[in-house]
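Q: For reference, the structure I am asking about is given below.
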Amino acid sequence: MPDSRNIRTVLSLLAGVVSILLLVDARLPLAAQTTSTSADDPYLARAKRILKQTPLIDGHNDLPWRIREDSVARGNVDSYDLRKHTPGQTDLDRLRKGMVGAQFWSVYIPGEWRDSGYARVQLEQIDIAREVIAKYPDRLALALSAQDIRRDFKQGKIGSLLGLEGGHAIENSLGALRAYYDLGVRYMTLTHNVTLDWADAALDSARHNGLTPFGDSVVREMNRLGMLVDLAHVSAATMSDALNVSQAPVIFSHSAARAIVDVPRNVPDSILRRVTVNGGIVMVPFVTGFVSPAVLLYDQSTRPVMKDLQAKYGNDTAAITREIRQWRAAHPEPRATLSQVADQIDYVRKVAGVDHVGIGGDFDGITEVVQGLEDVSTYPALFAELARRGWSDDDLRKLAGENFLRVFAQAEAVARRLQKK
């Protein structure tokens with residue numbers, strides 16, 4: 001499930017140690033929020049007014065994989081009823097409270113897990129996402145273009161788009177890429193956490209120093225189709241190569257600024273400045289280890305502890321669990337905060353510009369949550385915080401959705417031009 005990949009992203013531990021961490025995940029109660037979200041908060045009222053006028057477009061939500069991995073639903077869309085309060089971070093009532101106007105549903109499949117072939121699992125995930133959209137026609141609508149998003153928003157529906165997370169799913173085939181586009185996929189993350197035959201991933205060994213010639217062809221074909229090039233999980237060299245090749249604006253569907261939190265999944269300043277030139281967008285996530293320097297430092301401090309315990313106890317998970325609980329009790333974990341997410345958004349704005357920043361929460365792909373941004377109901381609080389910091393109404397509209405709509409429309413225009421050739 002995508003939860004474990006975020007732990008692996010931050011800690012870079014052995015698979016067995018990750019399992020131990022999940023087993024003993026004892027969390028402290030949430031502290032009181034530091035920003036006001038009361039009904040009479042003028043900044044919250046302003047945020048809600050803006051989100052009524054402009055679609056809030058989130059770049060990444062892992063609900064389809066959450067449904068597949070749910071211990072009860074086990075991939076059954078009818079069993080995972082979004083009209084009720086779900087065990088995850090997403091349901092229809094909370095989407096309404098969060099004032100979500102459009103959502104990219106990630107059709108993620110693990111790059112580490114070949115199963116009977118990536119394509120079969122990828123098709124199943126697309127099927128789950130399409131079933132979810134079809135099941136709630138009064139609330140969700142399949143969106144295939146920028147104009148569809150605007151249309152659905154005017155009708156009071158959440159424009160629902162598909163984002164394919166990981167180019168391993170095309171199995172080195174441009175034909176498969178085209179087939180996924182025909183099924184509704186509107187962005188592809190070039191890699192997930194595993195380096196491919198044609199592209200280096202951020203969290204794996206670099207074999208190509210970026211993109212291979214075939215990787216260049218993948219980007220060009222995505223431009224021709226009108227499929228957005230997503231660089232959220234790729235190495236810095238792959239980011240650079242994709243920016244060299246792409247004639248359309250690129251996106252980072254759920255990545256933050258590396259200058260604030262130095263993890264490979266975040267975007268270096270040099271790339272942020274190139275995103276400005278390219279016209280793309282960096283959609284800041286709510287992943288604790290990507291947005292909070294304190295969480296990163298804490299996670300780094302656990303590495304030698306975990307290695308020592310594994311060396312001491314081997315496969316004795318009960319003993320490791322006991323000592324980890326004792327260590328956590330003596331060393332309470334810091335909590336990532338809404339204010340730190342706002343800091344990340346402010347930083348991307350500072351370096352790339354206000355026209356190149358968006359939101360990519362990664363809900364239902366995370367286990368640890370940001371204080372104040374615990375589920376999809378909480379977006380207005382983030383916009384209220386930015387309003388409190390002096391963001392204008394126009395700038396908040398750009399962050400919410402206008403930046404993404406511009407990027408998407410420009411990618412569509414590039415596709416029309418290339419298809420004429």
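Chains: A, B, ... in order of the structure tokens. Residues: from 1 per chain. Ligands: from 1, in order shown.
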Env of segment 53-56 of chain A: 7 Å cut, atoms = only C-alpha atoms, seq-sep filter 6 positions within chain, self excluded. Answer as a list of chain:residue names.
A: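 Final neighbour list, sorted by chain and number: A:Met99, A:Val100, A:Gly101, A:Ala102, A:Phe153, A:Arg397, A:Ala400, A:Gly401.
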Q: Those selected residues, please, written with all heavy atoms and delivered as an mmCIF file, in the first residue's frame.
A:
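Written file, selection_1.cif:
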data_model
loop_
_atom_site.group_PDB
_atom_site.id
_atom_site.type_symbol
_atom_site.label_atom_id
_atom_site.label_comp_id
_atom_site.auth_asym_id
_atom_site.auth_seq_id
_atom_site.Cartn_x
_atom_site.Cartn_y
_atom_site.Cartn_z
ATOM 1 N N MET A 99 -14.237 21.268 0.265
ATOM 2 C CA MET A 99 -14.514 22.108 -0.901
ATOM 3 C C MET A 99 -13.636 21.721 -2.092
ATOM 4 O O MET A 99 -13.170 22.572 -2.849
ATOM 5 C CB MET A 99 -14.366 23.593 -0.542
ATOM 6 C CG MET A 99 -15.221 24.015 0.648
ATOM 7 S SD MET A 99 -15.230 25.780 1.008
ATOM 8 C CE MET A 99 -16.257 26.387 -0.348
ATOM 9 N N VAL A 100 -13.412 20.418 -2.247
ATOM 10 C CA VAL A 100 -12.609 19.924 -3.363
ATOM 11 C C VAL A 100 -13.404 20.084 -4.654
ATOM 12 O O VAL A 100 -14.550 19.654 -4.760
ATOM 13 C CB VAL A 100 -12.225 18.452 -3.136
ATOM 14 C CG1 VAL A 100 -11.469 17.906 -4.342
ATOM 15 C CG2 VAL A 100 -11.385 18.315 -1.863
ATOM 16 N N GLY A 101 -12.781 20.708 -5.653
ATOM 17 C CA GLY A 101 -13.453 20.948 -6.921
ATOM 18 C C GLY A 101 -13.085 19.947 -7.992
ATOM 19 O O GLY A 101 -13.882 19.663 -8.893
ATOM 20 N N ALA A 102 -11.868 19.410 -7.933
ATOM 21 C CA ALA A 102 -11.425 18.383 -8.877
ATOM 22 C C ALA A 102 -10.317 17.583 -8.207
ATOM 23 O O ALA A 102 -9.560 18.109 -7.388
ATOM 24 C CB ALA A 102 -10.927 18.991 -10.182
ATOM 25 N N PHE A 153 -17.325 21.622 -12.248
ATOM 26 C CA PHE A 153 -17.367 22.521 -11.092
ATOM 27 C C PHE A 153 -18.632 23.371 -11.118
ATOM 28 O O PHE A 153 -19.287 23.560 -10.072
ATOM 29 C CB PHE A 153 -16.117 23.399 -11.091
ATOM 30 C CG PHE A 153 -16.023 24.321 -9.909
ATOM 31 C CD1 PHE A 153 -15.798 23.812 -8.637
ATOM 32 C CD2 PHE A 153 -16.157 25.692 -10.061
ATOM 33 C CE1 PHE A 153 -15.711 24.663 -7.538
ATOM 34 C CE2 PHE A 153 -16.068 26.543 -8.978
ATOM 35 C CZ PHE A 153 -15.847 26.030 -7.707
ATOM 36 N N ARG A 397 -6.562 31.938 -5.708
ATOM 37 C CA ARG A 397 -7.256 31.275 -6.813
ATOM 38 C C ARG A 397 -6.257 30.527 -7.704
ATOM 39 O O ARG A 397 -6.531 29.416 -8.170
ATOM 40 C CB ARG A 397 -8.035 32.298 -7.644
ATOM 41 C CG ARG A 397 -9.242 32.894 -6.939
ATOM 42 C CD ARG A 397 -10.068 33.743 -7.900
ATOM 43 N NE ARG A 397 -11.130 34.443 -7.177
ATOM 44 C CZ ARG A 397 -11.058 35.700 -6.759
ATOM 45 N NH1 ARG A 397 -9.962 36.415 -7.010
ATOM 46 N NH2 ARG A 397 -12.053 36.252 -6.102
ATOM 47 N N ALA A 400 -5.258 27.395 -5.853
ATOM 48 C CA ALA A 400 -6.364 26.431 -5.767
ATOM 49 C C ALA A 400 -6.517 25.634 -7.050
ATOM 50 O O ALA A 400 -6.590 24.392 -7.006
ATOM 51 C CB ALA A 400 -7.662 27.152 -5.435
ATOM 52 N N GLY A 401 -6.546 26.319 -8.190
ATOM 53 C CA GLY A 401 -6.815 25.577 -9.412
ATOM 54 C C GLY A 401 -6.467 26.278 -10.712
ATOM 55 O O GLY A 401 -6.255 25.619 -11.730
#
Q: Write out as a list in words which residues come within 10 Å of Asn209 of chain A when counting only C-alpha atoms, dropping same-chain ones fewer than 6 positions away.
A: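 That gives Ala199, Asp200, Ser235, Ala236, Ala237, Thr238 and Asp241 of chain A.
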Q: Convert the current residue selection to file output with all heavy atoms, as a compact mmCIF listing (two decimals), in the first residue's frame.
A:
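What ended up in out_16.txt:
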# COMPACT_ATOMS: atom_id res chain seq x y z
N ALA A 199 14.44 5.34 -17.27
CA ALA A 199 14.41 6.54 -16.42
C ALA A 199 14.85 6.21 -15.01
O ALA A 199 14.49 5.17 -14.46
CB ALA A 199 13.00 7.13 -16.40
N ASP A 200 15.64 7.11 -14.42
CA ASP A 200 16.11 6.96 -13.05
C ASP A 200 15.09 7.52 -12.06
O ASP A 200 14.53 8.60 -12.28
CB ASP A 200 17.44 7.70 -12.84
CG ASP A 200 18.60 7.06 -13.58
OD1 ASP A 200 18.57 5.84 -13.79
OD2 ASP A 200 19.54 7.80 -13.95
N SER A 235 14.49 11.14 -10.35
CA SER A 235 15.75 11.73 -9.90
C SER A 235 15.88 13.14 -10.46
O SER A 235 15.21 13.53 -11.43
CB SER A 235 16.91 10.88 -10.37
OG SER A 235 17.08 10.99 -11.78
N ALA A 236 16.79 13.91 -9.87
CA ALA A 236 17.01 15.28 -10.35
C ALA A 236 17.49 15.28 -11.80
O ALA A 236 17.11 16.15 -12.59
CB ALA A 236 18.03 15.98 -9.45
N ALA A 237 18.30 14.28 -12.17
CA ALA A 237 18.77 14.20 -13.56
C ALA A 237 17.62 13.91 -14.52
O ALA A 237 17.55 14.46 -15.63
CB ALA A 237 19.85 13.13 -13.70
N THR A 238 16.68 13.05 -14.09
CA THR A 238 15.51 12.77 -14.92
C THR A 238 14.63 14.01 -15.03
O THR A 238 14.08 14.30 -16.10
CB THR A 238 14.72 11.58 -14.35
OG1 THR A 238 15.57 10.43 -14.29
CG2 THR A 238 13.52 11.26 -15.21
N ASP A 241 16.34 16.19 -17.62
CA ASP A 241 16.20 15.67 -18.99
C ASP A 241 14.78 15.85 -19.50
O ASP A 241 14.57 16.21 -20.67
CB ASP A 241 16.57 14.18 -19.02
CG ASP A 241 18.08 13.95 -18.99
OD1 ASP A 241 18.82 14.95 -19.04
OD2 ASP A 241 18.49 12.78 -18.90
Q: To one decimal place, how far is atom CA of Arg94 of chain A from atom CA of Ser255 of chain A in Å?
A: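 So the two atoms, atom CA of Arg94 of chain A and atom CA of Ser255 of chain A, lie 23.3 Å apart.
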Q: Determine, counting only C-alpha atoms, which protein, DNA and RNA residues have an atom within 9 Å of an atom of Phe286 of chain A; residues of the same chain fewer than 6 positions away are not included. Present the result as a PDB file with N, CA and C atoms, in the first residue's frame.
A:
ATOM      1  N   HIS A 254       2.934  15.662  -6.466  1.00  0.00           N
ATOM      2  CA  HIS A 254       3.005  15.687  -4.995  1.00  0.00           C
ATOM      3  C   HIS A 254       4.463  15.713  -4.546  1.00  0.00           C
ATOM      4  N   ALA A 336       4.406  17.162  12.181  1.00  0.00           N
ATOM      5  CA  ALA A 336       4.373  18.123  11.093  1.00  0.00           C
ATOM      6  C   ALA A 336       3.111  18.959  11.235  1.00  0.00           C
ATOM      7  N   LEU A 338       0.367  22.246   9.846  1.00  0.00           N
ATOM      8  CA  LEU A 338      -0.208  22.990   8.727  1.00  0.00           C
ATOM      9  C   LEU A 338       0.678  24.170   8.377  1.00  0.00           C
ATOM     10  N   VAL A 341       3.434  23.165   6.072  1.00  0.00           N
ATOM     11  CA  VAL A 341       2.972  23.011   4.692  1.00  0.00           C
ATOM     12  C   VAL A 341       2.869  24.382   4.036  1.00  0.00           C
ATOM     13  N   ILE A 359      -1.530  22.237  -5.148  1.00  0.00           N
ATOM     14  CA  ILE A 359      -1.752  21.346  -4.011  1.00  0.00           C
ATOM     15  C   ILE A 359      -1.804  19.899  -4.492  1.00  0.00           C
ATOM     16  N   GLY A 360      -1.069  19.008  -3.808  1.00  0.00           N
ATOM     17  CA  GLY A 360      -1.105  17.571  -4.125  1.00  0.00           C
ATOM     18  C   GLY A 360      -1.038  16.749  -2.851  1.00  0.00           C
ATOM     19  N   GLY A 361      -2.141  16.709  -2.112  1.00  0.00           N
ATOM     20  CA  GLY A 361      -2.150  16.245  -0.730  1.00  0.00           C
ATOM     21  C   GLY A 361      -1.586  14.862  -0.461  1.00  0.00           C
ATOM     22  N   ASP A 362      -1.813  13.896  -1.379  1.00  0.00           N
ATOM     23  CA  ASP A 362      -1.402  12.499  -1.179  1.00  0.00           C
ATOM     24  C   ASP A 362      -2.224  11.798  -0.104  1.00  0.00           C
ATOM     25  N   PHE A 363      -3.460  12.230   0.110  1.00  0.00           N
ATOM     26  CA  PHE A 363      -4.319  11.548   1.074  1.00  0.00           C
ATOM     27  C   PHE A 363      -4.567  10.107   0.651  1.00  0.00           C
ATOM     28  N   ILE A 366      -0.811   8.102   2.719  1.00  0.00           N
ATOM     29  CA  ILE A 366       0.029   8.407   3.872  1.00  0.00           C
ATOM     30  C   ILE A 366      -0.588   7.790   5.122  1.00  0.00           C
ATOM     31  N   VAL A 369      -0.132  11.907   9.483  1.00  0.00           N
ATOM     32  CA  VAL A 369      -0.784  13.067   8.890  1.00  0.00           C
ATOM     33  C   VAL A 369      -0.261  14.353   9.506  1.00  0.00           C
ATOM     34  N   VAL A 370      -0.390  15.413   8.749  1.00  0.00           N
ATOM     35  CA  VAL A 370      -0.010  16.744   9.204  1.00  0.00           C
ATOM     36  C   VAL A 370      -1.062  17.253  10.176  1.00  0.00           C
ATOM     37  N   LEU A 373      -4.217  19.035   8.960  1.00  0.00           N
ATOM     38  CA  LEU A 373      -4.542  18.576   7.606  1.00  0.00           C
ATOM     39  C   LEU A 373      -4.675  17.056   7.636  1.00  0.00           C
ATOM     40  N   GLU A 374      -5.618  16.590   8.442  1.00  0.00           N
ATOM     41  CA  GLU A 374      -5.718  15.162   8.711  1.00  0.00           C
ATOM     42  C   GLU A 374      -6.469  14.380   7.646  1.00  0.00           C
TER      43      GLU A 374
END
Q: Counting only C-alpha atoms, which residue out of A:Asp138, A:Asp40, A:Asp346, A:Glu124 sits closest to Asn76 of chain A?
A: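 So, comparing all the options, the nearest one is A:Glu124.
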Q: List every residue of segment 138-167 of chain A that DSSP, applied to the backbone, labels as strand (DSSP E or B), and write the result as a PyMOL selection string.
A: chain A and resi 140-142+158-165
Q: Store the residues picked out above, limited to all heavy atoms, as a compact mmCIF listing (two decimals), in the first residue's frame.
A:
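Writing done, so here's again39.txt:
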# COMPACT_ATOMS: atom_id res chain seq x y z
N LEU A 140 -19.53 12.91 -8.46
CA LEU A 140 -18.28 12.79 -9.20
C LEU A 140 -18.57 12.71 -10.69
O LEU A 140 -19.62 12.21 -11.11
CB LEU A 140 -17.51 11.53 -8.78
CG LEU A 140 -17.23 11.32 -7.29
CD1 LEU A 140 -16.51 9.99 -7.09
CD2 LEU A 140 -16.44 12.47 -6.71
N ALA A 141 -17.63 13.20 -11.50
CA ALA A 141 -17.78 13.11 -12.96
C ALA A 141 -16.41 12.91 -13.57
O ALA A 141 -15.44 13.58 -13.18
CB ALA A 141 -18.42 14.38 -13.52
N LEU A 142 -16.31 11.98 -14.51
CA LEU A 142 -15.03 11.75 -15.19
C LEU A 142 -14.66 12.99 -15.98
O LEU A 142 -15.43 13.47 -16.81
CB LEU A 142 -15.15 10.55 -16.13
CG LEU A 142 -13.87 10.18 -16.89
CD1 LEU A 142 -12.78 9.72 -15.95
CD2 LEU A 142 -14.17 9.11 -17.94
N ILE A 158 -17.39 16.99 -8.54
CA ILE A 158 -15.93 16.93 -8.46
C ILE A 158 -15.41 16.30 -9.74
O ILE A 158 -15.64 15.12 -10.01
CB ILE A 158 -15.47 16.11 -7.24
CG1 ILE A 158 -15.93 16.79 -5.95
CG2 ILE A 158 -13.95 15.93 -7.24
CD1 ILE A 158 -15.69 15.96 -4.70
N GLY A 159 -14.73 17.12 -10.56
CA GLY A 159 -14.10 16.57 -11.76
C GLY A 159 -13.06 15.55 -11.36
O GLY A 159 -12.15 15.84 -10.59
N SER A 160 -13.18 14.34 -11.88
CA SER A 160 -12.36 13.22 -11.44
C SER A 160 -11.46 12.76 -12.58
O SER A 160 -11.93 12.32 -13.63
CB SER A 160 -13.25 12.07 -10.97
OG SER A 160 -13.97 12.46 -9.81
N LEU A 161 -10.15 12.90 -12.35
CA LEU A 161 -9.16 12.57 -13.35
C LEU A 161 -8.30 11.41 -12.87
O LEU A 161 -8.22 11.15 -11.67
CB LEU A 161 -8.27 13.79 -13.64
CG LEU A 161 -9.00 15.06 -14.07
CD1 LEU A 161 -9.12 16.02 -12.89
CD2 LEU A 161 -8.31 15.74 -15.24
N LEU A 162 -7.65 10.73 -13.80
CA LEU A 162 -6.80 9.59 -13.45
C LEU A 162 -5.34 9.96 -13.65
O LEU A 162 -4.95 10.49 -14.70
CB LEU A 162 -7.13 8.38 -14.33
CG LEU A 162 -8.59 7.90 -14.35
CD1 LEU A 162 -8.71 6.62 -15.17
CD2 LEU A 162 -9.12 7.69 -12.95
N GLY A 163 -4.52 9.67 -12.63
CA GLY A 163 -3.09 9.87 -12.71
C GLY A 163 -2.37 8.55 -12.53
O GLY A 163 -2.49 7.91 -11.48
N LEU A 164 -1.62 8.14 -13.55
CA LEU A 164 -0.91 6.86 -13.51
C LEU A 164 0.44 7.09 -12.83
O LEU A 164 1.28 7.84 -13.34
CB LEU A 164 -0.74 6.32 -14.93
CG LEU A 164 -0.28 4.89 -15.12
CD1 LEU A 164 -0.69 4.37 -16.49
CD2 LEU A 164 1.23 4.76 -14.97
N GLU A 165 0.66 6.43 -11.69
CA GLU A 165 1.85 6.69 -10.87
C GLU A 165 2.91 5.62 -11.12
O GLU A 165 2.97 4.61 -10.43
CB GLU A 165 1.48 6.75 -9.39
CG GLU A 165 2.62 7.26 -8.53
CD GLU A 165 2.23 7.43 -7.07
OE1 GLU A 165 1.21 6.86 -6.65
OE2 GLU A 165 2.97 8.14 -6.36
Q: So which bits of segment 76-248 of chain A end up helix (DSSP H, G or I) when you DSSP the backbone, as a count of residues only?
A: 69
Q: Need the shell around Ala411 of chain A: protein/DNA/RNA residues with any atom at most 7 Å away, counting only C-alpha atoms. Skip same-chain ones fewer than 6 positions apart. Format as a compact mmCIF listing (two decimals) with all heavy atoms, in the first residue's frame?
A:
# COMPACT_ATOMS: atom_id res chain seq x y z
N ASN A 223 3.56 14.32 -24.75
CA ASN A 223 3.26 15.64 -25.28
C ASN A 223 2.27 15.55 -26.44
O ASN A 223 1.32 16.35 -26.54
CB ASN A 223 4.53 16.33 -25.78
CG ASN A 223 5.44 16.85 -24.68
OD1 ASN A 223 6.56 17.27 -24.96
ND2 ASN A 223 4.99 16.83 -23.44
N GLY A 226 -1.20 14.72 -25.18
CA GLY A 226 -1.82 15.65 -24.24
C GLY A 226 -1.83 15.10 -22.83
O GLY A 226 -2.57 15.58 -21.96
N LEU A 228 -0.08 14.77 -19.28
CA LEU A 228 0.86 15.57 -18.50
C LEU A 228 2.04 14.72 -18.02
O LEU A 228 1.86 13.59 -17.58
CB LEU A 228 0.14 16.19 -17.30
CG LEU A 228 -0.93 17.23 -17.65
CD1 LEU A 228 -1.83 17.47 -16.46
CD2 LEU A 228 -0.29 18.53 -18.10
N ALA A 248 5.61 20.73 -23.53
CA ALA A 248 4.46 21.15 -22.74
C ALA A 248 4.89 21.38 -21.29
O ALA A 248 5.91 20.83 -20.84
CB ALA A 248 3.36 20.09 -22.80
N PRO A 249 4.13 22.15 -20.53
CA PRO A 249 4.44 22.30 -19.11
C PRO A 249 4.39 20.96 -18.39
O PRO A 249 3.55 20.11 -18.68
CB PRO A 249 3.33 23.24 -18.62
CG PRO A 249 2.84 23.95 -19.83
CD PRO A 249 2.97 22.97 -20.95
Q: Tell me, as number ranges by chain, which residues lie within 12 Å of Gly365 of chain A, counting only C-alpha atoms; anything in the same chain fewer than 3 positions away does not count.
A: A: 1-7, 60-67, 69, 88-90, 105-109, 165, 254, 285-288, 360-362, 368-369, 375
Q: Need to verify the contact set: Val72 of chain A, 12 Å, only C-alpha atoms, exclusion of same-chain residues closer than 5 positions in sequence. Can you return it as a list in words?
A: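 My list of contacting residues is Arg66, Ile67, Val77, Asp78, Ser79, Tyr80, Asp81, Thr86 and Pro87 of chain A.
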Q: Those residues you just picked out, can you put them in a file as a PDB file, in the first residue's frame with all heavy atoms?
A:
ATOM      1  N   ARG A  66      -6.179   2.386  -1.782  1.00  0.00           N
ATOM      2  CA  ARG A  66      -6.736   2.212  -0.427  1.00  0.00           C
ATOM      3  C   ARG A  66      -7.914   1.238  -0.462  1.00  0.00           C
ATOM      4  O   ARG A  66      -8.046   0.368   0.417  1.00  0.00           O
ATOM      5  CB  ARG A  66      -7.174   3.568   0.135  1.00  0.00           C
ATOM      6  CG  ARG A  66      -7.848   3.512   1.508  1.00  0.00           C
ATOM      7  CD  ARG A  66      -6.845   3.105   2.566  1.00  0.00           C
ATOM      8  NE  ARG A  66      -7.406   3.072   3.908  1.00  0.00           N
ATOM      9  CZ  ARG A  66      -8.119   2.074   4.426  1.00  0.00           C
ATOM     10  NH1 ARG A  66      -8.390   1.005   3.672  1.00  0.00           N
ATOM     11  NH2 ARG A  66      -8.550   2.118   5.661  1.00  0.00           N
ATOM     12  N   ILE A  67      -8.741   1.341  -1.480  1.00  0.00           N
ATOM     13  CA  ILE A  67      -9.869   0.420  -1.623  1.00  0.00           C
ATOM     14  C   ILE A  67      -9.367  -0.989  -1.909  1.00  0.00           C
ATOM     15  O   ILE A  67      -9.856  -1.970  -1.338  1.00  0.00           O
ATOM     16  CB  ILE A  67     -10.820   0.903  -2.742  1.00  0.00           C
ATOM     17  CG1 ILE A  67     -11.498   2.216  -2.323  1.00  0.00           C
ATOM     18  CG2 ILE A  67     -11.865  -0.163  -3.073  1.00  0.00           C
ATOM     19  CD1 ILE A  67     -12.320   2.861  -3.419  1.00  0.00           C
ATOM     20  N   VAL A  77     -15.613  -1.934  -4.741  1.00  0.00           N
ATOM     21  CA  VAL A  77     -16.019  -0.531  -4.655  1.00  0.00           C
ATOM     22  C   VAL A  77     -17.338  -0.382  -3.915  1.00  0.00           C
ATOM     23  O   VAL A  77     -17.540   0.579  -3.162  1.00  0.00           O
ATOM     24  CB  VAL A  77     -16.099   0.077  -6.072  1.00  0.00           C
ATOM     25  CG1 VAL A  77     -16.711   1.472  -6.035  1.00  0.00           C
ATOM     26  CG2 VAL A  77     -14.707   0.122  -6.704  1.00  0.00           C
ATOM     27  N   ASP A  78     -18.248  -1.315  -4.083  1.00  0.00           N
ATOM     28  CA  ASP A  78     -19.536  -1.241  -3.378  1.00  0.00           C
ATOM     29  C   ASP A  78     -19.349  -1.379  -1.867  1.00  0.00           C
ATOM     30  O   ASP A  78     -20.077  -0.765  -1.086  1.00  0.00           O
ATOM     31  CB  ASP A  78     -20.487  -2.329  -3.879  1.00  0.00           C
ATOM     32  CG  ASP A  78     -20.976  -2.063  -5.286  1.00  0.00           C
ATOM     33  OD1 ASP A  78     -21.045  -0.874  -5.678  1.00  0.00           O
ATOM     34  OD2 ASP A  78     -21.276  -3.024  -6.008  1.00  0.00           O
ATOM     35  N   SER A  79     -18.390  -2.188  -1.446  1.00  0.00           N
ATOM     36  CA  SER A  79     -18.165  -2.391  -0.016  1.00  0.00           C
ATOM     37  C   SER A  79     -17.511  -1.189   0.646  1.00  0.00           C
ATOM     38  O   SER A  79     -17.688  -0.952   1.843  1.00  0.00           O
ATOM     39  CB  SER A  79     -17.296  -3.638   0.210  1.00  0.00           C
ATOM     40  OG  SER A  79     -17.955  -4.795  -0.244  1.00  0.00           O
ATOM     41  N   TYR A  80     -16.745  -0.429  -0.125  1.00  0.00           N
ATOM     42  CA  TYR A  80     -16.071   0.755   0.421  1.00  0.00           C
ATOM     43  C   TYR A  80     -16.945   1.965   0.095  1.00  0.00           C
ATOM     44  O   TYR A  80     -16.720   2.690  -0.881  1.00  0.00           O
ATOM     45  CB  TYR A  80     -14.682   0.901  -0.184  1.00  0.00           C
ATOM     46  CG  TYR A  80     -13.733   1.776   0.628  1.00  0.00           C
ATOM     47  CD1 TYR A  80     -12.917   1.229   1.607  1.00  0.00           C
ATOM     48  CD2 TYR A  80     -13.661   3.146   0.400  1.00  0.00           C
ATOM     49  CE1 TYR A  80     -12.052   2.017   2.349  1.00  0.00           C
ATOM     50  CE2 TYR A  80     -12.800   3.939   1.126  1.00  0.00           C
ATOM     51  CZ  TYR A  80     -12.001   3.371   2.100  1.00  0.00           C
ATOM     52  OH  TYR A  80     -11.135   4.170   2.831  1.00  0.00           O
ATOM     53  N   ASP A  81     -17.950   2.195   0.907  1.00  0.00           N
ATOM     54  CA  ASP A  81     -19.018   3.144   0.608  1.00  0.00           C
ATOM     55  C   ASP A  81     -18.592   4.571   0.958  1.00  0.00           C
ATOM     56  O   ASP A  81     -18.469   4.933   2.129  1.00  0.00           O
ATOM     57  CB  ASP A  81     -20.273   2.758   1.402  1.00  0.00           C
ATOM     58  CG  ASP A  81     -21.498   3.552   0.969  1.00  0.00           C
ATOM     59  OD1 ASP A  81     -21.347   4.495   0.154  1.00  0.00           O
ATOM     60  OD2 ASP A  81     -22.603   3.241   1.450  1.00  0.00           O
ATOM     61  N   THR A  86     -15.543   6.735   5.928  1.00  0.00           N
ATOM     62  CA  THR A  86     -14.686   5.598   5.605  1.00  0.00           C
ATOM     63  C   THR A  86     -13.555   5.471   6.624  1.00  0.00           C
ATOM     64  O   THR A  86     -13.244   6.416   7.353  1.00  0.00           O
ATOM     65  CB  THR A  86     -14.072   5.771   4.210  1.00  0.00           C
ATOM     66  OG1 THR A  86     -13.189   6.898   4.234  1.00  0.00           O
ATOM     67  CG2 THR A  86     -15.148   5.975   3.156  1.00  0.00           C
ATOM     68  N   PRO A  87     -12.894   4.308   6.664  1.00  0.00           N
ATOM     69  CA  PRO A  87     -11.737   4.164   7.552  1.00  0.00           C
ATOM     70  C   PRO A  87     -10.514   4.929   7.067  1.00  0.00           C
ATOM     71  O   PRO A  87      -9.551   5.094   7.819  1.00  0.00           O
ATOM     72  CB  PRO A  87     -11.475   2.651   7.547  1.00  0.00           C
ATOM     73  CG  PRO A  87     -12.071   2.168   6.265  1.00  0.00           C
ATOM     74  CD  PRO A  87     -13.264   3.032   6.025  1.00  0.00           C
TER      75      PRO A  87
END
Q: Which of these residues is nearest to Trp113 of chain A, using only C-alpha atoms: A:Gln300, A:Asn244, A:Ser377, A:Asn193?
A: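 When distances to Trp113 of chain A are compared using only C-alpha atoms, the smallest one comes from A:Asn193.
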Q: For segment 169-184 of chain A, work out the shell of residues within 6 Å, counting only C-alpha atoms and skipping chain neighbours fewer than 2 positions away, then give it as a list in words.
A: Tyr118, Ala119 and Gly167 of chain A
Q: Separation of atom CA of Pro110 of chain A and atom CA of His192 of chain A, in Å?
A: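 Straight-line distance from atom CA of Pro110 of chain A to atom CA of His192 of chain A works out to 7.7 Å.
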Q: So, counting only C-alpha atoms, which residue among A:Arg224, A:Lys52, A:Arg186, A:Arg265 is closest to Gln247 of chain A?
A: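 Selected residue with least distance to Gln247 of chain A: A:Arg224.
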